[in-house]
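Heads up, upload.cif below (mmCIF, C-alpha atoms):
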```
data_run
loop_
_atom_site.label_atom_id
_atom_site.label_comp_id
_atom_site.auth_asym_id
_atom_site.auth_seq_id
_atom_site.Cartn_x
_atom_site.Cartn_y
_atom_site.Cartn_z
CA MET A 1 -11.99 -3.82 -11.48
CA ASP A 2 -10.04 -3.37 -8.26
CA GLY A 3 -7.49 -5.93 -7.20
CA TRP A 4 -3.93 -6.71 -6.34
CA GLU A 5 -1.35 -9.48 -6.58
CA HIS A 6 2.17 -10.26 -5.50
CA PHE A 7 4.95 -11.05 -7.95
CA PRO A 8 8.25 -12.74 -7.13
CA HIS A 9 11.40 -10.67 -6.73
CA GLU A 10 14.49 -12.35 -5.25
CA ALA A 11 14.31 -11.97 -1.44
CA ASP A 12 11.75 -9.13 -1.55
CA VAL A 13 8.07 -8.98 -2.54
CA GLY A 14 6.65 -7.32 -5.63
CA ILE A 15 3.22 -5.78 -5.31
CA ARG A 16 0.94 -4.98 -8.22
CA ALA A 17 -2.42 -3.25 -8.01
CA TYR A 18 -5.27 -2.52 -10.40
CA GLY A 19 -8.12 -0.03 -10.19
CA PRO A 20 -10.50 2.18 -12.17
CA THR A 21 -9.01 5.39 -10.74
CA LEU A 22 -5.60 6.52 -9.57
CA ALA A 23 -6.89 6.76 -5.99
CA ALA A 24 -8.33 3.24 -6.16
CA VAL A 25 -5.07 1.77 -7.41
CA PHE A 26 -3.17 3.44 -4.55
CA GLU A 27 -5.67 1.91 -2.10
CA GLN A 28 -5.20 -1.53 -3.67
CA ALA A 29 -1.39 -1.17 -3.53
CA ALA A 30 -1.68 -0.51 0.21
CA LEU A 31 -3.77 -3.67 0.60
CA ALA A 32 -1.18 -5.65 -1.36
CA MET A 33 1.56 -4.37 0.93
CA THR A 34 -0.43 -5.35 4.04
CA ALA A 35 -1.02 -8.78 2.50
CA ALA A 36 2.75 -9.26 2.29
CA ILE A 37 2.71 -9.12 6.09
CA THR A 38 -0.52 -10.86 7.11
CA ASP A 39 -3.94 -11.99 5.92
CA VAL A 40 -5.78 -8.70 5.40
CA GLU A 41 -9.07 -10.37 6.37
CA HIS A 42 -7.78 -10.70 9.96
CA VAL A 43 -7.11 -6.97 10.39
CA VAL A 44 -10.08 -5.14 11.92
CA PRO A 45 -10.37 -1.54 10.63
CA ASN A 46 -11.32 0.15 13.89
CA GLU A 47 -8.65 2.88 14.28
CA CYS A 48 -8.05 5.65 11.71
CA VAL A 49 -4.72 7.28 10.89
CA SER A 50 -4.57 10.28 8.53
CA ILE A 51 -1.69 10.51 6.08
CA ALA A 52 -0.61 13.25 3.68
CA CYS A 53 2.28 13.26 1.26
CA GLU A 54 3.45 14.82 -1.99
CA ALA A 55 5.75 14.03 -4.88
CA PRO A 56 6.45 15.60 -8.28
CA GLN A 57 5.49 12.44 -10.21
CA THR A 58 2.72 9.89 -9.79
CA ASP A 59 5.09 6.91 -9.46
CA LEU A 60 7.09 8.73 -6.78
CA LEU A 61 3.83 9.57 -5.01
CA LEU A 62 3.09 5.83 -4.79
CA VAL A 63 6.43 5.27 -3.04
CA GLU A 64 5.80 8.20 -0.66
CA TRP A 65 2.30 6.86 0.19
CA LEU A 66 3.45 3.32 0.85
CA ASN A 67 6.51 4.44 2.83
CA ALA A 68 4.26 6.69 4.94
CA LEU A 69 2.18 3.58 5.71
CA VAL A 70 5.33 1.61 6.59
CA TYR A 71 6.30 4.40 9.00
CA GLU A 72 2.84 4.50 10.62
CA MET A 73 2.80 0.70 11.00
CA ALA A 74 6.21 0.77 12.68
CA VAL A 75 5.72 3.65 15.09
CA ARG A 76 2.12 2.82 16.02
CA HIS A 77 2.56 -1.00 15.99
CA MET A 78 -0.47 -1.29 13.72
CA LEU A 79 -1.66 -3.09 10.63
CA PHE A 80 -4.13 -1.54 8.19
CA SER A 81 -6.85 -3.14 6.09
CA ARG A 82 -8.96 -0.29 4.73
CA PHE A 83 -7.74 2.77 2.89
CA VAL A 84 -9.33 5.92 1.51
CA VAL A 85 -7.18 8.03 -0.82
CA THR A 86 -7.70 11.40 -2.51
CA ILE A 87 -5.14 12.61 -5.04
CA GLU A 88 -5.01 16.20 -6.29
CA ASP A 89 -2.16 17.47 -8.41
CA SER A 90 1.04 16.28 -6.70
CA GLY A 91 -0.54 15.69 -3.29
CA LEU A 92 -2.20 12.76 -1.60
CA SER A 93 -4.39 12.77 1.46
CA GLY A 94 -5.50 9.48 2.84
CA GLU A 95 -6.86 7.52 5.72
CA ALA A 96 -5.64 4.12 6.82
CA TRP A 97 -7.93 2.06 9.04
CA GLY A 98 -6.61 -0.80 11.11
CA GLU A 99 -5.73 -2.08 14.54
CA PHE A 100 -2.81 -2.76 16.84
CA VAL A 101 -0.78 -5.85 15.97
CA ASN A 102 -1.88 -9.03 17.71
CA VAL A 103 0.86 -11.55 16.95
CA ASP A 104 -1.30 -14.58 17.78
CA ARG A 105 -4.16 -13.50 15.52
CA HIS A 106 -2.27 -11.71 12.73
CA ARG A 107 0.69 -14.10 12.56
CA PRO A 108 2.91 -11.62 10.67
CA ALA A 109 4.96 -13.43 8.03
CA ALA A 110 7.33 -10.53 7.36
CA GLU A 111 8.10 -6.95 8.26
CA VAL A 112 8.11 -4.42 5.45
CA LYS A 113 11.20 -2.29 5.94
CA GLY A 114 10.56 0.06 3.06
CA VAL A 115 9.29 0.55 -0.45
CA THR A 116 11.85 0.60 -3.25
CA TYR A 117 12.00 2.10 -6.75
CA THR A 118 12.59 -1.36 -8.21
CA ALA A 119 10.01 -2.24 -10.89
CA LEU A 120 8.23 1.02 -10.03
CA LYS A 121 5.42 1.82 -12.42
CA VAL A 122 2.14 3.74 -12.31
CA SER A 123 0.29 3.92 -15.60
CA ARG A 124 -3.09 3.85 -17.25
CA ARG A 125 -3.65 0.77 -19.38
CA ALA A 126 -5.33 0.69 -22.79
CA ASP A 127 -8.59 -0.49 -21.17
CA GLY A 128 -8.68 2.62 -18.96
CA GLN A 129 -7.73 0.76 -15.78
CA TRP A 130 -4.81 1.96 -13.68
CA LEU A 131 -1.82 -0.22 -12.80
CA ALA A 132 0.64 0.44 -9.98
CA GLN A 133 3.56 -1.74 -8.97
CA CYS A 134 6.80 -1.72 -7.02
CA VAL A 135 8.94 -3.93 -4.81
CA VAL A 136 8.83 -3.81 -1.03
CA ASP A 137 11.87 -4.67 1.07
CA VAL A 138 10.97 -7.35 3.63
#
```
Show this structure as structure tokens.
Amino acid sequence: MDGWEHFPHEADVGIRAYGPTLAAVFEQAALAMTAAITDVEHVVPNECVSIACEAPQTDLLLVEWLNALVYEMAVRHMLFSRFVVTIEDSGLSGEAWGEFVNVDRHRPAAEVKGVTYTALKVSRRADGQWLAQCVVDV
């Protein structure tokens, strides 16, 4: 079962994602991060941005992936609503699909400044599902 949720964390936002595979949980974490900014349903996935990153550990790879998305959102002035991730060894290649920010339609509630190591966790649960979580600085 894929999904995501937010959890409270002082002035920041905690994101938690679930998925049947490691790639799926990374995709859901990206959706959760976008949802901290705007309603994901209002973001049209019509432009693709390719992203690649690496890290020596899976939890650090999550931070690298999400921070790469934060960077792309900032420099391209975009929001993303669809993600495709492939993970092999310590590397991730992904695609983020979205559109340029339209303040009137997207009504951004916050700006994600970066992804932190606070509450960072990527693990496989007893039921076989993957869990990924961290806190984003807004």
Gap from CA of Tyr18 (chain A) to CA of Val136 (chain A) - Å, one decimal: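 Going from CA of Tyr18 (chain A) over to CA of Val136 (chain A) covers 17.0 Å.
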Exercise: residues within 10 Å of coordinate (-3.3, 17.8, 4.6), counting only C-alpha atoms, as a ChimeraX atom specification: /A:50-54,91-94
Give as a short mmCIF file (atom, residue, chain, number, x, y, z; two decimals) with C-alpha atoms, in the frame of the given file the residues that the PyMOL selection byres ((chain A and resi 97-109) around 9) matches when applied to the coordinates above.
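The resulting file, out-v2.cif, is shown below:
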```cif
data_model
loop_
_atom_site.label_atom_id
_atom_site.label_comp_id
_atom_site.auth_asym_id
_atom_site.auth_seq_id
_atom_site.Cartn_x
_atom_site.Cartn_y
_atom_site.Cartn_z
CA ALA A 36 2.75 -9.26 2.29
CA ILE A 37 2.71 -9.12 6.09
CA THR A 38 -0.52 -10.86 7.11
CA ASP A 39 -3.94 -11.99 5.92
CA VAL A 40 -5.78 -8.70 5.40
CA HIS A 42 -7.78 -10.70 9.96
CA VAL A 43 -7.11 -6.97 10.39
CA VAL A 44 -10.08 -5.14 11.92
CA PRO A 45 -10.37 -1.54 10.63
CA ASN A 46 -11.32 0.15 13.89
CA GLU A 47 -8.65 2.88 14.28
CA CYS A 48 -8.05 5.65 11.71
CA VAL A 49 -4.72 7.28 10.89
CA SER A 50 -4.57 10.28 8.53
CA MET A 73 2.80 0.70 11.00
CA ARG A 76 2.12 2.82 16.02
CA HIS A 77 2.56 -1.00 15.99
CA MET A 78 -0.47 -1.29 13.72
CA LEU A 79 -1.66 -3.09 10.63
CA PHE A 80 -4.13 -1.54 8.19
CA SER A 81 -6.85 -3.14 6.09
CA ARG A 82 -8.96 -0.29 4.73
CA PHE A 83 -7.74 2.77 2.89
CA VAL A 84 -9.33 5.92 1.51
CA GLU A 95 -6.86 7.52 5.72
CA ALA A 96 -5.64 4.12 6.82
CA ALA A 110 7.33 -10.53 7.36
CA GLU A 111 8.10 -6.95 8.26
#
```
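Picked out by the PyMOL selection byres ((chain A and resi 126-134) around 8) when it runs on this file: A:Met1, A:Gly14, A:Ile15, A:Arg16, A:Ala17, A:Tyr18, A:Gly19, A:Pro20, A:Thr21, A:Leu22, A:Val25, A:Phe26, A:Ala29, A:Asp59, A:Leu62, A:Val115, A:Thr116, A:Tyr117, A:Thr118, A:Ala119, A:Leu120, A:Lys121, A:Val122, A:Ser123, A:Arg124, A:Arg125, A:Val135, A:Val136.
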What would the file look like if the residues just selected were written as a compact mmCIF listing (two decimals), in the coordinates of the input with C-alpha atoms?
```
# COMPACT_ATOMS: atom_id res chain seq x y z
CA MET A 1 -11.99 -3.82 -11.48
CA GLY A 14 6.65 -7.32 -5.63
CA ILE A 15 3.22 -5.78 -5.31
CA ARG A 16 0.94 -4.98 -8.22
CA ALA A 17 -2.42 -3.25 -8.01
CA TYR A 18 -5.27 -2.52 -10.40
CA GLY A 19 -8.12 -0.03 -10.19
CA PRO A 20 -10.50 2.18 -12.17
CA THR A 21 -9.01 5.39 -10.74
CA LEU A 22 -5.60 6.52 -9.57
CA VAL A 25 -5.07 1.77 -7.41
CA PHE A 26 -3.17 3.44 -4.55
CA ALA A 29 -1.39 -1.17 -3.53
CA ASP A 59 5.09 6.91 -9.46
CA LEU A 62 3.09 5.83 -4.79
CA VAL A 115 9.29 0.55 -0.45
CA THR A 116 11.85 0.60 -3.25
CA TYR A 117 12.00 2.10 -6.75
CA THR A 118 12.59 -1.36 -8.21
CA ALA A 119 10.01 -2.24 -10.89
CA LEU A 120 8.23 1.02 -10.03
CA LYS A 121 5.42 1.82 -12.42
CA VAL A 122 2.14 3.74 -12.31
CA SER A 123 0.29 3.92 -15.60
CA ARG A 124 -3.09 3.85 -17.25
CA ARG A 125 -3.65 0.77 -19.38
CA VAL A 135 8.94 -3.93 -4.81
CA VAL A 136 8.83 -3.81 -1.03
```
Atomic distance CA of Glu88 (chain A) - CA of Val63 (chain A), expressed in Å with one decimal: 16.2 Å
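You will find CA of Asp12 (chain A) at 9.2 Å from CA of Val112 (chain A).
Among the candidates A:Ala55, A:Ala74, A:Leu69, A:Ala11, the one nearest to Met33 (chain A) when counting only C-alpha atoms is A:Leu69.
Among A:Asn67, A:Ser90, A:Thr34, A:Glu72, the residue with the shortest atom-to-atom distance to Gly114 (chain A), counting all atoms listed in the file, is A:Asn67.
Checking A:Asp137, A:Asp89, A:Glu5, A:Glu10 one by one against Leu31 (chain A), counting only C-alpha atoms, you find the shortest gap at A:Glu5.
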Export: region 106-137 of chain A, N, CA and C atoms, as a CSV table (one decimal), in the first residue's frame:
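decode39.csv was written with the following content:
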```csv
chain,number,residue,atom,x,y,z
A,106,HIS,N,-1.9,27.4,-7.2
A,106,HIS,CA,-1.2,26.5,-6.3
A,106,HIS,C,-1.3,27.0,-4.8
A,107,ARG,N,-1.4,28.3,-4.6
A,107,ARG,CA,-1.5,28.8,-3.3
A,107,ARG,C,-0.5,28.2,-2.3
A,108,PRO,N,0.8,28.4,-2.5
A,108,PRO,CA,1.8,27.7,-1.7
A,108,PRO,C,1.7,28.2,-0.2
A,109,ALA,N,1.6,27.2,0.7
A,109,ALA,CA,1.5,27.5,2.1
A,109,ALA,C,2.8,27.7,2.8
A,110,ALA,N,3.9,27.1,2.2
A,110,ALA,CA,5.2,27.2,2.8
A,110,ALA,C,6.2,27.0,1.7
A,111,GLU,N,7.5,27.3,2.0
A,111,GLU,CA,8.6,27.0,1.1
A,111,GLU,C,9.5,26.0,1.9
A,112,VAL,N,9.8,24.9,1.2
A,112,VAL,CA,10.7,23.9,1.9
A,112,VAL,C,12.1,24.4,1.6
A,113,LYS,N,12.8,24.7,2.7
A,113,LYS,CA,14.2,25.2,2.6
A,113,LYS,C,15.2,24.1,2.5
A,114,GLY,N,14.9,23.0,3.1
A,114,GLY,CA,15.8,21.8,3.0
A,114,GLY,C,15.2,20.7,3.8
A,115,VAL,N,15.9,19.5,3.6
A,115,VAL,CA,15.5,18.3,4.3
A,115,VAL,C,16.5,18.0,5.4
A,116,THR,N,16.1,17.7,6.6
A,116,THR,CA,17.0,17.5,7.7
A,116,THR,C,17.2,16.1,8.0
A,117,TYR,N,18.1,15.8,8.9
A,117,TYR,CA,18.3,14.4,9.4
A,117,TYR,C,17.5,14.1,10.6
A,118,THR,N,16.7,15.1,11.1
A,118,THR,CA,15.8,14.9,12.2
A,118,THR,C,14.8,13.8,11.9
A,119,ALA,N,14.6,12.9,12.8
A,119,ALA,CA,13.6,11.8,12.7
A,119,ALA,C,13.9,10.9,11.5
A,120,LEU,N,15.1,11.0,10.9
A,120,LEU,CA,15.3,10.3,9.7
A,120,LEU,C,15.3,8.8,9.9
A,121,LYS,N,14.6,8.1,9.0
A,121,LYS,CA,14.4,6.6,9.1
A,121,LYS,C,14.0,6.1,7.8
A,122,VAL,N,14.6,5.1,7.3
A,122,VAL,CA,14.2,4.3,6.1
A,122,VAL,C,14.4,2.8,6.6
A,123,SER,N,13.2,2.1,6.6
A,123,SER,CA,13.3,0.7,7.0
A,123,SER,C,12.2,-0.1,6.4
A,124,ARG,N,12.4,-1.4,6.5
A,124,ARG,CA,11.4,-2.4,6.0
A,124,ARG,C,10.6,-2.8,7.3
A,125,ARG,N,9.3,-2.7,7.2
A,125,ARG,CA,8.5,-3.2,8.4
A,125,ARG,C,8.3,-4.7,8.4
A,126,ALA,N,7.8,-5.2,9.5
A,126,ALA,CA,7.5,-6.6,9.6
A,126,ALA,C,6.6,-7.2,8.5
A,127,ASP,N,5.7,-6.3,8.0
A,127,ASP,CA,4.7,-6.7,7.0
A,127,ASP,C,5.3,-6.7,5.6
A,128,GLY,N,6.6,-6.3,5.5
A,128,GLY,CA,7.2,-6.2,4.2
A,128,GLY,C,7.2,-4.8,3.5
A,129,GLN,N,6.3,-4.0,4.0
A,129,GLN,CA,6.2,-2.6,3.5
A,129,GLN,C,7.4,-1.8,3.9
A,130,TRP,N,7.7,-0.8,3.1
A,130,TRP,CA,8.8,0.1,3.4
A,130,TRP,C,8.3,1.4,4.1
A,131,LEU,N,9.0,1.9,5.0
A,131,LEU,CA,8.7,3.2,5.7
A,131,LEU,C,9.9,4.1,5.5
A,132,ALA,N,9.6,5.4,5.2
A,132,ALA,CA,10.6,6.4,5.1
A,132,ALA,C,10.1,7.7,5.8
A,133,GLN,N,10.9,8.3,6.6
A,133,GLN,CA,10.4,9.6,7.2
A,133,GLN,C,11.6,10.5,7.5
A,134,CYS,N,11.3,11.8,7.6
A,134,CYS,CA,12.3,12.8,8.0
A,134,CYS,C,11.5,14.1,8.2
A,135,VAL,N,12.2,15.1,8.6
A,135,VAL,CA,11.6,16.4,8.8
A,135,VAL,C,12.2,17.4,7.8
A,136,VAL,N,11.2,18.2,7.2
A,136,VAL,CA,11.6,19.2,6.3
A,136,VAL,C,11.6,20.6,6.9
A,137,ASP,N,12.5,21.4,6.6
A,137,ASP,CA,12.6,22.7,7.2
A,137,ASP,C,11.8,23.6,6.3
```
